[in-house]
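**Q** I have a structure I would like to understand better, so I am pasting it below and will then ask my questions one at a time.
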Amino acid sequence: MVELLFWPALVAYSEAAVAYIGNAHRPGIAGRLGTWGVRVGWLVQTALLTVQAARSDGFPWATWAGSLNLFVWLVVGAYLIWGCRPRYRLLGLAVMPLAALLLALARIGGGTGLATHSRYSSVFLVLHVGLVLAAFAGFTLAAGLSVLYLWQERRLKKGAPGLLRLRPPSLLTLEALSGRTIVFALPALTLGIAVGFLRLGEDRERFDALMAVTLLTWVVYGAYLLLRYELGWRGRRAAYLALIGFALVITVRLALPVTHFS
Amino acid sequence: MTILRLVGLSHHVAPVELRERVALDADGAAALSRSLAAEGGEAVCLSTCNRTELYLVGIDEHEALAALGADDELARVLYRLSEEGAALHLFRVAAGLDSMVPGEGEILGQVRDAYEAGAAGSVLDRLFRQALHVGKKARTETAIAESPASISSAAAALAQQVFGELRGRGVLVLGAGKAAELAARSLASRGAAIALVANRSLERAQELAVALGAQVTGLDGVEERLGDVDIVVSATSAPGFVLGRAQVERTLRARKARPLFLIDIAVPRDLEPAINELEGCYLYDIDDLEAVVAESLAGRRREAARAEVLAADEAGRFSEWRASREVVPAIASLRAWAEEIRTGELARAEGRLGRLTEHERRAVESITAQIVNKLLHLPTVRMKEAAATADGAVYADALEHLFGLGEERT
């Protein structure tokens with residue numbers, strides 16, 4: 001059953017990625033096809049996750065690959081909130097190829113199958129993994145918005161050709177959405193870390209490198225919000241800071257889980 | 001069948017000296033249409049600054065031209081089209097494909113006004129409704145009308161790329177000439193608030209400020225007000241820079257990272273180009289804006305090719321509809337004749353059917369009606385298909401001959 005659901009989800013995400021590339025070349029029907037690919041893919045992946053949850057013995061996304069599967073679903077879900085609007089299709093160009101690639105990686109790592117029993121309780125895993133991944137999904141979207149902001153800002157500065165052909169959301173909109181996404185994501189990360197620390201104290205496990213980098217990520221995004229809302233950091237500086245935070249998210253997601261999940 | 005004809009002239013074939021001779025205002029065009037159709041027929045007159053065209057059905061073309069006041073000189077440049085050619089022309093006009101700026105939006109409203117004021121019967125009614133549909137479709141399914149076609153609208157579109165909605169954005173206008181006014185009005189039409197007009201001559205600034213609902217200041221008071229506005233439009237005739245990088249830089253702290261969008265449409269330039277290097281400042285001069293407009297027009301022309309296909313398809317559909325109308329009377333006669341036979345035969349059999357119950361009678365009625373319908377279904381379909389391939393009249397004649405439709409029956 002999970003096999004039957006994985007492939008359509010991957011095909012739909014890939015179709016969306018290709019369609020968004022086509023849309024960047026010539027806006028129109030390709031963009032609409034891309035949006036439908038995102039919708040269909042996300043619904044199928046939702047069904048996949050539901051089947052995994054129903055048939056697994058324990059929390060099915062506790063492994064590195066499993067968490068990647070859940071992470072993709074969260075990122076695409078968050079993108080769907082406003083990504084269906086025509087002007088955000090350029091953001092889809094950044095999100096959907098990444099989503100398709102990560103879903104394929106999750107599959108290679110065995111994260112789309114059924115889980116065996118975990119030594120941790122499901123409640124702990126749902127809270128810890130779920131909250132941290134939801135926060136990371138938000139940071140990923142904020143990074144996508146920041147990249148789009150920097151690209152568009154550069155075009156506007158240079159008076160680049162095609163300024164009015166490809167029209168992403170306005171600079172102020174991109175900037176505000178990026179900030180707002182981080183406002184929602186940081187509390188989720190805070191709670192996720194807090195749950196993790198509670199468990200750490202109970203199990204008397206040692207503090208690892210992943211935890212250190214996750215804390216550093218929290219500090220960077222905390223600083224982002226402080227600088228943005230207290231000191232009025234906007235524009236390029238804020239976008240670069242969001243990208244620094246995202247570099248840490250990538251580090252946590254891809255480089256260090258090997259130690260944390262062992 | 002009465003022929004659909006179009007006779008008219010446009011900016012493509014006639015200079016303004018000729019066009020103005022037959023140009024009519026809305027009332028004049030409506031009166032002409034009604035007077036032409038007064039004794040039967042259909043007429044719609046489309047008259048704009050770029051064209052005067054008469055769409056006629058069942059009305060003599062010479063009589064119409066005489067009523068329009070067209071002389072020999074005009075007659076030489078007039079174009080005359082009929083049926084599908086006339087339909088295609090109107091569809092292209094409605095889509096903005098025949099306009100000076102491809103895709104311009106005003107023409108669609110003018111076509112609608114002409115239709116509503118004209119004397120349209122079944123043919124022109126269908127033609128103009130389809131034209132309005134083509135006009136809308138071309139603008140929604142292609143990007144022909146999406147990008148700006150003038151300097152002032154390009155400036156406003158670029159400002160929207162920075163701010164999104166312009167509603168409530170404060171605008172500072174430097175200069176009080178026509179160019180400054182046009183750009184300011186374009187921004188105001190998108191919701192921006194013209195906050196301040198600054199000019200060397202306060203008297204002229206006052207006039208423009210009153211018209212735009214703004215305050216007035218001299219050029220030396222600009223710097224201190226720069227922190228309050230989001231957009232600067234500059235079009236003075238000053239020989240040097242009116243606003244320099246250092247002045248803008250001093251106001252950045254007060255702006256609290258709010259972007260500043262500057263449009264310099266003056267030659268020589270009013271705004272120091274180095275302003276664009278400041279974070280959050282976006283400066284466009286006249287060359288930048290002209291490049292945007294040129295690219296935008298090129299884009300419109302590319303999209304025009306797609307809109308041409310739409311117009312041609314719709315003209316084909318209109319032509320099919322016209323052809324199908326040729327066979328409608330023959331099909332109606334055939335069905336009436338068959339129905340007459342059916343009811344006649346049932347009446348003749350009344351004696352034998354009299355013993356049937358009401359329910360059984362209804363069953364017989366239904367069966368005979370079904371037999372007739374089944375017999376006539378295929379010929380009807382084939383007739384309509386033939387009409388679509390221009391053989392409709394031949395088939396209609398054959399049908400009338402074979403079944404003696406329209407002949408006296410004994």
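Every chain in the structure tokens has a letter given in the order shown (A, B, ...), and although residue numbers restart at 1 in each chain, ligands are simply numbered from 1 in the order shown.
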Quick one: which residues from chain B are at most 8 Å off chain A, using only C-alpha atoms, as a ChimeraX atom specification?
**A** /B:147,157-158,160-164,256-257,276,280,282-284,288,292,295-296
**Q** List as number ranges by chain the protein and nucleic acid residues near region 45-61 of chain A, meaning an atom at most 12 Å away when only C-alpha atoms are counted, but skip any in the same chain fewer than 6 places from it.
**A** A: 1-13, 37-39, 67-77, 99-100, 103, 106-107, 109-130, 133, 261
**Q** Fewer than 6 positions away in the same chain doesn't count, so skip those; otherwise give me all residues within 8 Å of region 183-195 of chain A, counting only C-alpha atoms, as a PyMOL selection string.
**A** chain A and resi 124+127-132+134-139+215+218+221-222+225
**Q** I'd like the neighbourhood of Ala369 (chain B) as a list in words, where a residue qualifies if any of its atoms comes within 9 Å (using only C-alpha atoms), though same-chain residues fewer than 4 positions away should be ignored.
**A** Glu339, Arg342, Val364, Glu365, Asn373 and Lys374 of chain B
**Q** Between CA of Ala205 (chain B) and CA of Arg255 (chain B), what is the spacing in Å?
**A**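 That distance, rounded to one decimal, is 25.3 Å.
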**Q** From the options B:Val22, B:Ala114, B:Leu108, B:Ala179, which residue's atoms come nearest to Arg34 (chain B), counting only C-alpha atoms?
**A**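 Distance minimum relative to Arg34 (chain B) lands on B:Ala114.
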